[in-house]
file upload.txt (compact mmCIF, all heavy atoms)
# COMPACT_ATOMS: atom_id res chain seq x y z
N MET D 1 -59.00 -25.59 -58.90
CA MET D 1 -59.37 -24.91 -60.13
C MET D 1 -59.55 -23.43 -59.84
O MET D 1 -60.10 -23.05 -58.81
CB MET D 1 -60.67 -25.51 -60.66
CG MET D 1 -61.17 -24.83 -61.88
SD MET D 1 -62.80 -25.38 -62.29
CE MET D 1 -62.51 -26.02 -63.88
N LYS D 2 -59.13 -22.58 -60.74
CA LYS D 2 -59.18 -21.15 -60.55
C LYS D 2 -60.41 -20.52 -61.21
O LYS D 2 -60.37 -19.39 -61.65
CB LYS D 2 -57.92 -20.51 -61.09
CG LYS D 2 -56.67 -21.01 -60.40
CD LYS D 2 -55.44 -20.45 -61.05
CE LYS D 2 -54.22 -21.14 -60.52
NZ LYS D 2 -53.02 -20.81 -61.23
N ALA D 3 -61.52 -21.23 -61.26
CA ALA D 3 -62.73 -20.73 -61.90
C ALA D 3 -63.42 -19.69 -61.01
O ALA D 3 -63.27 -19.69 -59.80
CB ALA D 3 -63.69 -21.87 -62.19
N CYS D 4 -64.17 -18.82 -61.64
CA CYS D 4 -64.92 -17.78 -60.94
C CYS D 4 -65.96 -18.44 -60.03
O CYS D 4 -66.70 -19.32 -60.45
CB CYS D 4 -65.61 -16.88 -61.95
SG CYS D 4 -66.70 -15.65 -61.22
N PRO D 5 -66.05 -18.02 -58.76
CA PRO D 5 -67.03 -18.63 -57.86
C PRO D 5 -68.47 -18.24 -58.19
O PRO D 5 -69.40 -18.93 -57.79
CB PRO D 5 -66.64 -18.11 -56.48
CG PRO D 5 -65.79 -16.92 -56.72
CD PRO D 5 -65.18 -17.09 -58.07
N ARG D 6 -68.67 -17.17 -58.96
CA ARG D 6 -70.03 -16.74 -59.29
C ARG D 6 -70.54 -17.42 -60.56
O ARG D 6 -71.59 -18.06 -60.56
CB ARG D 6 -70.10 -15.23 -59.47
CG ARG D 6 -71.50 -14.77 -59.86
CD ARG D 6 -71.58 -13.29 -60.03
NE ARG D 6 -71.65 -12.68 -58.71
CZ ARG D 6 -71.55 -11.38 -58.51
NH1 ARG D 6 -71.35 -10.57 -59.52
NH2 ARG D 6 -71.63 -10.89 -57.30
N CYS D 7 -69.81 -17.29 -61.68
CA CYS D 7 -70.31 -17.80 -62.97
C CYS D 7 -69.58 -19.05 -63.46
O CYS D 7 -69.91 -19.58 -64.50
CB CYS D 7 -70.23 -16.71 -64.03
SG CYS D 7 -68.54 -16.25 -64.50
N LYS D 8 -68.56 -19.49 -62.72
CA LYS D 8 -67.77 -20.70 -63.04
C LYS D 8 -66.98 -20.60 -64.33
O LYS D 8 -66.57 -21.58 -64.90
CB LYS D 8 -68.66 -21.95 -63.09
CG LYS D 8 -69.49 -22.17 -61.85
CD LYS D 8 -68.65 -22.32 -60.63
CE LYS D 8 -69.51 -22.61 -59.42
NZ LYS D 8 -69.02 -22.09 -58.20
N SER D 9 -66.74 -19.38 -64.80
CA SER D 9 -65.94 -19.16 -66.00
C SER D 9 -64.46 -19.27 -65.65
O SER D 9 -64.04 -18.91 -64.56
CB SER D 9 -66.24 -17.77 -66.57
OG SER D 9 -65.32 -17.45 -67.58
N VAL D 10 -63.67 -19.75 -66.59
CA VAL D 10 -62.22 -19.81 -66.37
C VAL D 10 -61.51 -18.67 -67.09
O VAL D 10 -60.29 -18.59 -67.07
CB VAL D 10 -61.63 -21.18 -66.79
CG1 VAL D 10 -62.12 -22.27 -65.88
CG2 VAL D 10 -61.95 -21.49 -68.24
N SER D 11 -62.25 -17.77 -67.74
CA SER D 11 -61.70 -16.60 -68.39
C SER D 11 -61.45 -15.54 -67.32
O SER D 11 -62.39 -15.01 -66.73
CB SER D 11 -62.67 -16.09 -69.45
OG SER D 11 -62.16 -14.93 -70.05
N ARG D 12 -60.16 -15.21 -67.06
CA ARG D 12 -59.83 -14.34 -65.94
C ARG D 12 -58.52 -13.61 -66.20
O ARG D 12 -57.81 -13.93 -67.15
CB ARG D 12 -59.69 -15.15 -64.67
CG ARG D 12 -58.49 -16.09 -64.73
CD ARG D 12 -58.55 -17.20 -63.72
NE ARG D 12 -57.40 -18.04 -63.79
CZ ARG D 12 -57.22 -19.05 -64.61
NH1 ARG D 12 -58.17 -19.35 -65.47
NH2 ARG D 12 -56.13 -19.77 -64.60
N HIS D 13 -58.22 -12.62 -65.37
CA HIS D 13 -56.92 -11.97 -65.39
C HIS D 13 -56.51 -11.65 -63.96
O HIS D 13 -57.34 -11.51 -63.08
CB HIS D 13 -56.90 -10.73 -66.29
CG HIS D 13 -57.87 -9.67 -65.89
ND1 HIS D 13 -59.19 -9.68 -66.28
CD2 HIS D 13 -57.71 -8.56 -65.13
CE1 HIS D 13 -59.79 -8.63 -65.78
NE2 HIS D 13 -58.92 -7.93 -65.08
N ARG D 14 -55.20 -11.57 -63.74
CA ARG D 14 -54.65 -11.36 -62.40
C ARG D 14 -54.90 -9.95 -61.92
O ARG D 14 -54.86 -8.99 -62.69
CB ARG D 14 -53.15 -11.61 -62.38
CG ARG D 14 -52.72 -13.05 -62.57
CD ARG D 14 -52.90 -13.91 -61.33
NE ARG D 14 -52.17 -13.45 -60.17
CZ ARG D 14 -50.94 -13.81 -59.83
NH1 ARG D 14 -50.28 -14.66 -60.57
NH2 ARG D 14 -50.38 -13.35 -58.74
N MET D 15 -55.14 -9.82 -60.62
CA MET D 15 -55.33 -8.53 -59.96
C MET D 15 -54.50 -8.51 -58.68
O MET D 15 -54.00 -9.54 -58.25
CB MET D 15 -56.81 -8.33 -59.60
CG MET D 15 -57.76 -8.31 -60.76
SD MET D 15 -57.56 -6.87 -61.79
CE MET D 15 -58.17 -5.60 -60.74
N ARG D 16 -54.38 -7.34 -58.07
CA ARG D 16 -53.73 -7.24 -56.77
C ARG D 16 -54.65 -7.82 -55.71
O ARG D 16 -55.87 -7.64 -55.77
CB ARG D 16 -53.46 -5.79 -56.42
CG ARG D 16 -52.38 -5.17 -57.24
CD ARG D 16 -52.07 -3.84 -56.69
NE ARG D 16 -50.70 -3.93 -56.20
CZ ARG D 16 -50.08 -2.97 -55.60
NH1 ARG D 16 -50.69 -1.84 -55.38
NH2 ARG D 16 -48.83 -3.12 -55.21
N ARG D 17 -54.05 -8.48 -54.74
CA ARG D 17 -54.84 -9.02 -53.63
C ARG D 17 -55.22 -7.89 -52.69
O ARG D 17 -54.48 -6.93 -52.53
CB ARG D 17 -54.05 -10.07 -52.86
CG ARG D 17 -53.71 -11.26 -53.71
CD ARG D 17 -52.87 -12.23 -52.95
NE ARG D 17 -51.56 -11.59 -52.68
CZ ARG D 17 -50.65 -12.10 -51.88
NH1 ARG D 17 -50.86 -13.21 -51.26
NH2 ARG D 17 -49.52 -11.47 -51.68
N LYS D 18 -56.39 -7.98 -52.07
CA LYS D 18 -56.86 -6.94 -51.16
C LYS D 18 -57.21 -7.53 -49.80
O LYS D 18 -57.51 -8.71 -49.68
CB LYS D 18 -58.10 -6.26 -51.74
CG LYS D 18 -57.81 -5.55 -53.04
CD LYS D 18 -58.97 -4.75 -53.51
CE LYS D 18 -58.59 -4.09 -54.82
NZ LYS D 18 -59.49 -3.05 -55.18
N GLY D 19 -57.18 -6.69 -48.81
CA GLY D 19 -57.59 -7.07 -47.46
C GLY D 19 -56.75 -8.16 -46.85
O GLY D 19 -55.52 -8.18 -46.95
N ILE D 20 -57.41 -9.10 -46.21
CA ILE D 20 -56.75 -10.18 -45.47
C ILE D 20 -56.03 -11.14 -46.42
O ILE D 20 -55.08 -11.82 -46.02
CB ILE D 20 -57.76 -10.93 -44.58
CG1 ILE D 20 -57.05 -11.84 -43.58
CG2 ILE D 20 -58.74 -11.73 -45.40
CD1 ILE D 20 -56.61 -11.13 -42.35
N ALA D 21 -56.45 -11.20 -47.68
CA ALA D 21 -55.82 -12.10 -48.65
C ALA D 21 -54.34 -11.75 -48.86
O ALA D 21 -53.55 -12.61 -49.21
CB ALA D 21 -56.55 -12.06 -49.98
N ARG D 22 -53.97 -10.48 -48.64
CA ARG D 22 -52.57 -10.08 -48.78
C ARG D 22 -51.69 -10.71 -47.71
O ARG D 22 -50.49 -10.86 -47.90
CB ARG D 22 -52.46 -8.56 -48.71
CG ARG D 22 -53.09 -7.91 -49.91
CD ARG D 22 -53.18 -6.43 -49.77
NE ARG D 22 -51.84 -5.84 -49.66
CZ ARG D 22 -51.63 -4.58 -49.34
NH1 ARG D 22 -52.64 -3.78 -49.12
NH2 ARG D 22 -50.40 -4.13 -49.27
N LEU D 23 -52.27 -11.05 -46.58
CA LEU D 23 -51.50 -11.62 -45.48
C LEU D 23 -51.34 -13.13 -45.57
O LEU D 23 -50.49 -13.70 -44.90
CB LEU D 23 -52.17 -11.26 -44.15
CG LEU D 23 -52.32 -9.75 -43.88
CD1 LEU D 23 -53.11 -9.54 -42.60
CD2 LEU D 23 -50.98 -9.08 -43.82
N ILE D 24 -52.15 -13.79 -46.38
CA ILE D 24 -52.09 -15.24 -46.53
C ILE D 24 -51.14 -15.59 -47.67
O ILE D 24 -51.41 -15.24 -48.82
CB ILE D 24 -53.49 -15.83 -46.80
CG1 ILE D 24 -54.45 -15.43 -45.70
CG2 ILE D 24 -53.42 -17.34 -46.93
CD1 ILE D 24 -55.90 -15.75 -46.01
N PRO D 25 -50.02 -16.25 -47.37
CA PRO D 25 -49.06 -16.56 -48.43
C PRO D 25 -49.61 -17.58 -49.43
O PRO D 25 -50.34 -18.50 -49.06
CB PRO D 25 -47.87 -17.14 -47.67
CG PRO D 25 -48.39 -17.56 -46.36
CD PRO D 25 -49.59 -16.73 -46.06
N GLY D 26 -49.28 -17.39 -50.69
CA GLY D 26 -49.68 -18.33 -51.73
C GLY D 26 -50.98 -17.99 -52.42
O GLY D 26 -51.28 -18.55 -53.47
N THR D 27 -51.79 -17.08 -51.87
CA THR D 27 -53.05 -16.74 -52.51
C THR D 27 -52.80 -15.86 -53.73
O THR D 27 -51.79 -15.16 -53.81
CB THR D 27 -54.00 -16.00 -51.54
OG1 THR D 27 -53.37 -14.82 -51.08
CG2 THR D 27 -54.39 -16.88 -50.38
N LYS D 28 -53.72 -15.90 -54.68
CA LYS D 28 -53.61 -15.11 -55.90
C LYS D 28 -54.95 -14.44 -56.17
O LYS D 28 -56.00 -15.05 -56.02
CB LYS D 28 -53.21 -15.98 -57.07
CG LYS D 28 -51.82 -16.55 -56.93
CD LYS D 28 -51.47 -17.46 -58.08
CE LYS D 28 -50.05 -17.94 -58.03
NZ LYS D 28 -49.59 -18.47 -56.80
N GLY D 29 -54.92 -13.17 -56.55
CA GLY D 29 -56.14 -12.42 -56.84
C GLY D 29 -56.45 -12.44 -58.32
O GLY D 29 -55.57 -12.29 -59.16
N TYR D 30 -57.72 -12.59 -58.67
CA TYR D 30 -58.18 -12.63 -60.06
C TYR D 30 -59.44 -11.80 -60.22
O TYR D 30 -60.16 -11.56 -59.25
CB TYR D 30 -58.50 -14.07 -60.49
CG TYR D 30 -57.31 -14.97 -60.57
CD1 TYR D 30 -57.00 -15.84 -59.55
CD2 TYR D 30 -56.48 -14.95 -61.69
CE1 TYR D 30 -55.90 -16.67 -59.62
CE2 TYR D 30 -55.37 -15.78 -61.78
CZ TYR D 30 -55.10 -16.63 -60.74
OH TYR D 30 -54.00 -17.45 -60.81
N ALA D 31 -59.73 -11.41 -61.45
CA ALA D 31 -60.99 -10.77 -61.82
C ALA D 31 -61.55 -11.54 -63.01
O ALA D 31 -60.83 -11.82 -63.97
CB ALA D 31 -60.77 -9.31 -62.19
N CYS D 32 -62.82 -11.88 -62.93
CA CYS D 32 -63.48 -12.63 -64.01
C CYS D 32 -63.72 -11.71 -65.20
O CYS D 32 -64.13 -10.56 -65.03
CB CYS D 32 -64.81 -13.18 -63.49
SG CYS D 32 -65.72 -14.13 -64.72
N ASP D 33 -63.46 -12.20 -66.41
CA ASP D 33 -63.68 -11.41 -67.61
C ASP D 33 -65.15 -11.33 -68.00
O ASP D 33 -65.55 -10.40 -68.68
CB ASP D 33 -62.87 -11.98 -68.78
CG ASP D 33 -61.38 -11.78 -68.61
OD1 ASP D 33 -60.99 -10.81 -67.92
OD2 ASP D 33 -60.61 -12.58 -69.15
N LYS D 34 -65.96 -12.28 -67.58
CA LYS D 34 -67.37 -12.29 -67.96
C LYS D 34 -68.25 -11.48 -67.02
O LYS D 34 -69.07 -10.69 -67.46
CB LYS D 34 -67.89 -13.73 -68.02
CG LYS D 34 -67.35 -14.51 -69.18
CD LYS D 34 -68.03 -15.83 -69.31
CE LYS D 34 -67.53 -16.54 -70.55
NZ LYS D 34 -68.19 -17.82 -70.75
N CYS D 35 -68.09 -11.67 -65.68
CA CYS D 35 -68.99 -11.02 -64.73
C CYS D 35 -68.29 -9.98 -63.85
O CYS D 35 -68.91 -9.41 -62.96
CB CYS D 35 -69.71 -12.04 -63.87
SG CYS D 35 -68.61 -12.98 -62.78
N ASN D 36 -67.00 -9.74 -64.07
CA ASN D 36 -66.21 -8.73 -63.34
C ASN D 36 -66.15 -8.96 -61.83
O ASN D 36 -65.96 -8.03 -61.07
CB ASN D 36 -66.71 -7.32 -63.63
CG ASN D 36 -66.49 -6.93 -65.06
OD1 ASN D 36 -65.47 -7.28 -65.64
ND2 ASN D 36 -67.44 -6.23 -65.64
N THR D 37 -66.30 -10.19 -61.38
CA THR D 37 -66.18 -10.52 -59.96
C THR D 37 -64.71 -10.57 -59.56
O THR D 37 -63.90 -11.16 -60.27
CB THR D 37 -66.83 -11.89 -59.68
OG1 THR D 37 -68.20 -11.83 -60.03
CG2 THR D 37 -66.69 -12.28 -58.22
N LEU D 38 -64.37 -9.95 -58.44
CA LEU D 38 -63.02 -10.05 -57.88
C LEU D 38 -63.01 -11.23 -56.92
O LEU D 38 -63.89 -11.34 -56.06
CB LEU D 38 -62.65 -8.77 -57.13
CG LEU D 38 -62.59 -7.51 -57.97
CD1 LEU D 38 -62.31 -6.32 -57.07
CD2 LEU D 38 -61.55 -7.61 -59.04
N TYR D 39 -62.04 -12.11 -57.07
CA TYR D 39 -61.96 -13.27 -56.19
C TYR D 39 -60.51 -13.66 -55.94
O TYR D 39 -59.61 -13.22 -56.63
CB TYR D 39 -62.76 -14.45 -56.73
CG TYR D 39 -62.31 -15.00 -58.06
CD1 TYR D 39 -61.45 -16.09 -58.13
CD2 TYR D 39 -62.76 -14.46 -59.26
CE1 TYR D 39 -61.05 -16.61 -59.34
CE2 TYR D 39 -62.36 -14.96 -60.47
CZ TYR D 39 -61.51 -16.04 -60.51
OH TYR D 39 -61.10 -16.55 -61.71
N THR D 40 -60.32 -14.44 -54.90
CA THR D 40 -58.99 -14.89 -54.50
C THR D 40 -58.96 -16.41 -54.57
O THR D 40 -59.88 -17.07 -54.10
CB THR D 40 -58.68 -14.44 -53.06
OG1 THR D 40 -58.74 -13.02 -53.02
CG2 THR D 40 -57.31 -14.89 -52.63
N TRP D 41 -57.89 -16.95 -55.16
CA TRP D 41 -57.70 -18.39 -55.21
C TRP D 41 -56.75 -18.79 -54.09
O TRP D 41 -55.67 -18.22 -53.95
CB TRP D 41 -57.15 -18.83 -56.56
CG TRP D 41 -56.97 -20.29 -56.68
CD1 TRP D 41 -57.95 -21.24 -56.66
CD2 TRP D 41 -55.74 -20.99 -56.82
NE1 TRP D 41 -57.40 -22.49 -56.80
CE2 TRP D 41 -56.04 -22.36 -56.89
CE3 TRP D 41 -54.43 -20.59 -56.90
CZ2 TRP D 41 -55.07 -23.33 -57.03
CZ3 TRP D 41 -53.45 -21.56 -57.04
CH2 TRP D 41 -53.78 -22.91 -57.11
N VAL D 42 -57.19 -19.75 -53.26
CA VAL D 42 -56.40 -20.23 -52.13
C VAL D 42 -55.91 -21.64 -52.47
O VAL D 42 -56.70 -22.57 -52.50
CB VAL D 42 -57.24 -20.24 -50.83
CG1 VAL D 42 -56.39 -20.64 -49.64
CG2 VAL D 42 -57.90 -18.90 -50.59
N PRO D 43 -54.60 -21.80 -52.75
CA PRO D 43 -54.11 -23.08 -53.27
C PRO D 43 -54.15 -24.24 -52.28
O PRO D 43 -54.36 -25.38 -52.70
CB PRO D 43 -52.68 -22.76 -53.69
CG PRO D 43 -52.29 -21.59 -52.88
CD PRO D 43 -53.54 -20.81 -52.66
N PHE D 44 -53.97 -23.99 -50.99
CA PHE D 44 -53.89 -25.12 -50.07
C PHE D 44 -55.25 -25.73 -49.77
O PHE D 44 -55.32 -26.85 -49.28
CB PHE D 44 -53.15 -24.75 -48.77
CG PHE D 44 -53.68 -23.56 -48.05
CD1 PHE D 44 -54.70 -23.68 -47.14
CD2 PHE D 44 -53.14 -22.32 -48.30
CE1 PHE D 44 -55.18 -22.57 -46.48
CE2 PHE D 44 -53.60 -21.20 -47.64
CZ PHE D 44 -54.64 -21.33 -46.72
N ILE D 45 -56.36 -25.04 -50.10
CA ILE D 45 -57.68 -25.68 -50.03
C ILE D 45 -58.29 -25.83 -51.41
O ILE D 45 -59.38 -26.36 -51.56
CB ILE D 45 -58.64 -24.90 -49.09
CG1 ILE D 45 -58.87 -23.47 -49.59
CG2 ILE D 45 -58.17 -24.93 -47.67
CD1 ILE D 45 -59.94 -22.71 -48.85
N ASN D 46 -57.57 -25.32 -52.45
CA ASN D 46 -57.98 -25.41 -53.86
C ASN D 46 -59.39 -24.86 -54.08
O ASN D 46 -60.20 -25.47 -54.75
CB ASN D 46 -57.87 -26.84 -54.36
CG ASN D 46 -57.81 -26.90 -55.88
OD1 ASN D 46 -57.45 -25.92 -56.52
ND2 ASN D 46 -58.21 -28.01 -56.45
N ARG D 47 -59.65 -23.67 -53.52
CA ARG D 47 -60.96 -23.02 -53.66
C ARG D 47 -60.79 -21.57 -54.06
O ARG D 47 -59.80 -20.92 -53.75
CB ARG D 47 -61.72 -23.04 -52.33
CG ARG D 47 -62.10 -24.39 -51.86
CD ARG D 47 -63.27 -24.90 -52.62
NE ARG D 47 -63.59 -26.24 -52.14
CZ ARG D 47 -64.29 -27.10 -52.80
NH1 ARG D 47 -64.75 -26.81 -53.96
NH2 ARG D 47 -64.52 -28.28 -52.30
N SER D 48 -61.80 -21.04 -54.75
CA SER D 48 -61.87 -19.63 -55.08
C SER D 48 -62.88 -18.98 -54.16
O SER D 48 -63.97 -19.50 -53.95
CB SER D 48 -62.33 -19.44 -56.52
OG SER D 48 -61.40 -20.01 -57.40
N LEU D 49 -62.51 -17.82 -53.59
CA LEU D 49 -63.37 -17.12 -52.65
C LEU D 49 -63.58 -15.69 -53.12
O LEU D 49 -62.64 -15.03 -53.55
CB LEU D 49 -62.73 -17.10 -51.27
CG LEU D 49 -62.31 -18.45 -50.68
CD1 LEU D 49 -61.48 -18.25 -49.42
CD2 LEU D 49 -63.54 -19.28 -50.37
N ASN D 50 -64.84 -15.19 -53.01
CA ASN D 50 -65.13 -13.79 -53.34
C ASN D 50 -64.44 -12.89 -52.35
O ASN D 50 -64.33 -13.19 -51.18
CB ASN D 50 -66.62 -13.52 -53.29
CG ASN D 50 -67.34 -14.03 -54.50
OD1 ASN D 50 -66.74 -14.28 -55.54
ND2 ASN D 50 -68.64 -14.20 -54.38
N ILE D 51 -64.03 -11.72 -52.84
CA ILE D 51 -63.44 -10.71 -51.95
C ILE D 51 -64.55 -9.82 -51.46
O ILE D 51 -65.39 -9.41 -52.18
CB ILE D 51 -62.37 -9.89 -52.70
CG1 ILE D 51 -61.23 -10.77 -53.10
CG2 ILE D 51 -61.90 -8.74 -51.85
CD1 ILE D 51 -60.16 -10.09 -53.91
call {"tool": "encode", "arguments": {"input": "upload.txt", "output": "C-alpha cells"}}
result
Amino acid sequence: MKACPRCKSVSRHRMRRKGIARLIPGTKGYACDKCNTLYTWVPFINRSLNI
C-alpha cells in the first residue's frame, strides 16, 4: 500500500526520488497531500519509508 507512513492517508502525488532511493530500482517517491511528508514506496517489501 502506498499510504503515508506518518498519517496513513492515501491522498498523495508523485515526487522525484532523493538520496539513496534513486539508486534502488523500482522505488517511487511521493508527497502526502495532508501532512506534506516526503516518502518513498519500496515495492519488493511493500512498505513506505520516510526520506
call {"tool": "residues_around", "arguments": {"input": "upload.txt", "residues": "stretch 27-41 of chain D", "least_positions_apart": "5", "cutoff": "3.5 Å", "atoms": "all heavy atoms", "output": "ChimeraX atom specification"}}
result
/D:1-2,6,11-15,17,21,46-51
call {"tool": "write_last_selection", "arguments": {"input": "upload.txt", "atoms": "all heavy atoms", "output": "CSV table (one decimal), keeping the file's coordinate frame"}}
result
chain,number,residue,atom,x,y,z
D,1,MET,N,-59.0,-25.6,-58.9
D,1,MET,CA,-59.4,-24.9,-60.1
D,1,MET,C,-59.6,-23.4,-59.8
D,1,MET,O,-60.1,-23.0,-58.8
D,1,MET,CB,-60.7,-25.5,-60.7
D,1,MET,CG,-61.2,-24.8,-61.9
D,1,MET,SD,-62.8,-25.4,-62.3
D,1,MET,CE,-62.5,-26.0,-63.9
D,2,LYS,N,-59.1,-22.6,-60.7
D,2,LYS,CA,-59.2,-21.2,-60.6
D,2,LYS,C,-60.4,-20.5,-61.2
D,2,LYS,O,-60.4,-19.4,-61.6
D,2,LYS,CB,-57.9,-20.5,-61.1
D,2,LYS,CG,-56.7,-21.0,-60.4
D,2,LYS,CD,-55.4,-20.4,-61.0
D,2,LYS,CE,-54.2,-21.1,-60.5
D,2,LYS,NZ,-53.0,-20.8,-61.2
D,6,ARG,N,-68.7,-17.2,-59.0
D,6,ARG,CA,-70.0,-16.7,-59.3
D,6,ARG,C,-70.5,-17.4,-60.6
D,6,ARG,O,-71.6,-18.1,-60.6
D,6,ARG,CB,-70.1,-15.2,-59.5
D,6,ARG,CG,-71.5,-14.8,-59.9
D,6,ARG,CD,-71.6,-13.3,-60.0
D,6,ARG,NE,-71.6,-12.7,-58.7
D,6,ARG,CZ,-71.6,-11.4,-58.5
D,6,ARG,NH1,-71.4,-10.6,-59.5
D,6,ARG,NH2,-71.6,-10.9,-57.3
D,11,SER,N,-62.2,-17.8,-67.7
D,11,SER,CA,-61.7,-16.6,-68.4
D,11,SER,C,-61.4,-15.5,-67.3
D,11,SER,O,-62.4,-15.0,-66.7
D,11,SER,CB,-62.7,-16.1,-69.4
D,11,SER,OG,-62.2,-14.9,-70.0
D,12,ARG,N,-60.2,-15.2,-67.1
D,12,ARG,CA,-59.8,-14.3,-65.9
D,12,ARG,C,-58.5,-13.6,-66.2
D,12,ARG,O,-57.8,-13.9,-67.2
D,12,ARG,CB,-59.7,-15.2,-64.7
D,12,ARG,CG,-58.5,-16.1,-64.7
D,12,ARG,CD,-58.6,-17.2,-63.7
D,12,ARG,NE,-57.4,-18.0,-63.8
D,12,ARG,CZ,-57.2,-19.0,-64.6
D,12,ARG,NH1,-58.2,-19.4,-65.5
D,12,ARG,NH2,-56.1,-19.8,-64.6
D,13,HIS,N,-58.2,-12.6,-65.4
D,13,HIS,CA,-56.9,-12.0,-65.4
D,13,HIS,C,-56.5,-11.6,-64.0
D,13,HIS,O,-57.3,-11.5,-63.1
D,13,HIS,CB,-56.9,-10.7,-66.3
D,13,HIS,CG,-57.9,-9.7,-65.9
D,13,HIS,ND1,-59.2,-9.7,-66.3
D,13,HIS,CD2,-57.7,-8.6,-65.1
D,13,HIS,CE1,-59.8,-8.6,-65.8
D,13,HIS,NE2,-58.9,-7.9,-65.1
D,14,ARG,N,-55.2,-11.6,-63.7
D,14,ARG,CA,-54.6,-11.4,-62.4
D,14,ARG,C,-54.9,-10.0,-61.9
D,14,ARG,O,-54.9,-9.0,-62.7
D,14,ARG,CB,-53.2,-11.6,-62.4
D,14,ARG,CG,-52.7,-13.0,-62.6
D,14,ARG,CD,-52.9,-13.9,-61.3
D,14,ARG,NE,-52.2,-13.4,-60.2
D,14,ARG,CZ,-50.9,-13.8,-59.8
D,14,ARG,NH1,-50.3,-14.7,-60.6
D,14,ARG,NH2,-50.4,-13.4,-58.7
D,15,MET,N,-55.1,-9.8,-60.6
D,15,MET,CA,-55.3,-8.5,-60.0
D,15,MET,C,-54.5,-8.5,-58.7
D,15,MET,O,-54.0,-9.5,-58.2
D,15,MET,CB,-56.8,-8.3,-59.6
D,15,MET,CG,-57.8,-8.3,-60.8
D,15,MET,SD,-57.6,-6.9,-61.8
D,15,MET,CE,-58.2,-5.6,-60.7
D,17,ARG,N,-54.0,-8.5,-54.7
D,17,ARG,CA,-54.8,-9.0,-53.6
D,17,ARG,C,-55.2,-7.9,-52.7
D,17,ARG,O,-54.5,-6.9,-52.5
D,17,ARG,CB,-54.0,-10.1,-52.9
D,17,ARG,CG,-53.7,-11.3,-53.7
D,17,ARG,CD,-52.9,-12.2,-53.0
D,17,ARG,NE,-51.6,-11.6,-52.7
D,17,ARG,CZ,-50.6,-12.1,-51.9
D,17,ARG,NH1,-50.9,-13.2,-51.3
D,17,ARG,NH2,-49.5,-11.5,-51.7
D,21,ALA,N,-56.4,-11.2,-47.7
D,21,ALA,CA,-55.8,-12.1,-48.6
D,21,ALA,C,-54.3,-11.8,-48.9
D,21,ALA,O,-53.6,-12.6,-49.2
D,21,ALA,CB,-56.6,-12.1,-50.0
D,46,ASN,N,-57.6,-25.3,-52.4
D,46,ASN,CA,-58.0,-25.4,-53.9
D,46,ASN,C,-59.4,-24.9,-54.1
D,46,ASN,O,-60.2,-25.5,-54.8
D,46,ASN,CB,-57.9,-26.8,-54.4
D,46,ASN,CG,-57.8,-26.9,-55.9
D,46,ASN,OD1,-57.4,-25.9,-56.5
D,46,ASN,ND2,-58.2,-28.0,-56.4
D,47,ARG,N,-59.6,-23.7,-53.5
D,47,ARG,CA,-61.0,-23.0,-53.7
D,47,ARG,C,-60.8,-21.6,-54.1
D,47,ARG,O,-59.8,-20.9,-53.8
D,47,ARG,CB,-61.7,-23.0,-52.3
D,47,ARG,CG,-62.1,-24.4,-51.9
D,47,ARG,CD,-63.3,-24.9,-52.6
D,47,ARG,NE,-63.6,-26.2,-52.1
D,47,ARG,CZ,-64.3,-27.1,-52.8
D,47,ARG,NH1,-64.8,-26.8,-54.0
D,47,ARG,NH2,-64.5,-28.3,-52.3
D,48,SER,N,-61.8,-21.0,-54.8
D,48,SER,CA,-61.9,-19.6,-55.1
D,48,SER,C,-62.9,-19.0,-54.2
D,48,SER,O,-64.0,-19.5,-54.0
D,48,SER,CB,-62.3,-19.4,-56.5
D,48,SER,OG,-61.4,-20.0,-57.4
D,49,LEU,N,-62.5,-17.8,-53.6
D,49,LEU,CA,-63.4,-17.1,-52.6
D,49,LEU,C,-63.6,-15.7,-53.1
D,49,LEU,O,-62.6,-15.0,-53.6
D,49,LEU,CB,-62.7,-17.1,-51.3
D,49,LEU,CG,-62.3,-18.4,-50.7
D,49,LEU,CD1,-61.5,-18.2,-49.4
D,49,LEU,CD2,-63.5,-19.3,-50.4
D,50,ASN,N,-64.8,-15.2,-53.0
D,50,ASN,CA,-65.1,-13.8,-53.3
D,50,ASN,C,-64.4,-12.9,-52.4
D,50,ASN,O,-64.3,-13.2,-51.2
D,50,ASN,CB,-66.6,-13.5,-53.3
D,50,ASN,CG,-67.3,-14.0,-54.5
D,50,ASN,OD1,-66.7,-14.3,-55.5
D,50,ASN,ND2,-68.6,-14.2,-54.4
D,51,ILE,N,-64.0,-11.7,-52.8
D,51,ILE,CA,-63.4,-10.7,-52.0
D,51,ILE,C,-64.6,-9.8,-51.5
D,51,ILE,O,-65.4,-9.4,-52.2
D,51,ILE,CB,-62.4,-9.9,-52.7
D,51,ILE,CG1,-61.2,-10.8,-53.1
D,51,ILE,CG2,-61.9,-8.7,-51.8
D,51,ILE,CD1,-60.2,-10.1,-53.9
call {"tool": "select_by_dssp", "arguments": {"input": "upload.txt", "residues": "chain D", "states": "helix (DSSP H, G or I)", "output": "ChimeraX atom specification"}}
result
/D:19-22
call {"tool": "axis_aligned_box", "arguments": {"input": "upload.txt", "around": "stretch 23-30 of chain D", "padding_each_side": "4 Å", "output": "lines of an AutoDock Vina configuration file"}}
result
center_x = -54.0
center_y = -13.8
center_z = -52.2
size_x = 20.3
size_y = 17.5
size_z = 27.2
call {"tool": "atom_distance", "arguments": {"input": "upload.txt", "atom1": "atom O of D:Phe44", "atom2": "atom CA of D:Ile20"}}
result
17.2 Å
call {"tool": "atom_distance", "arguments": {"input": "upload.txt", "atom1": "atom CA of D:Ile45", "atom2": "atom CG of D:Arg16"}}
result
22.4 Å
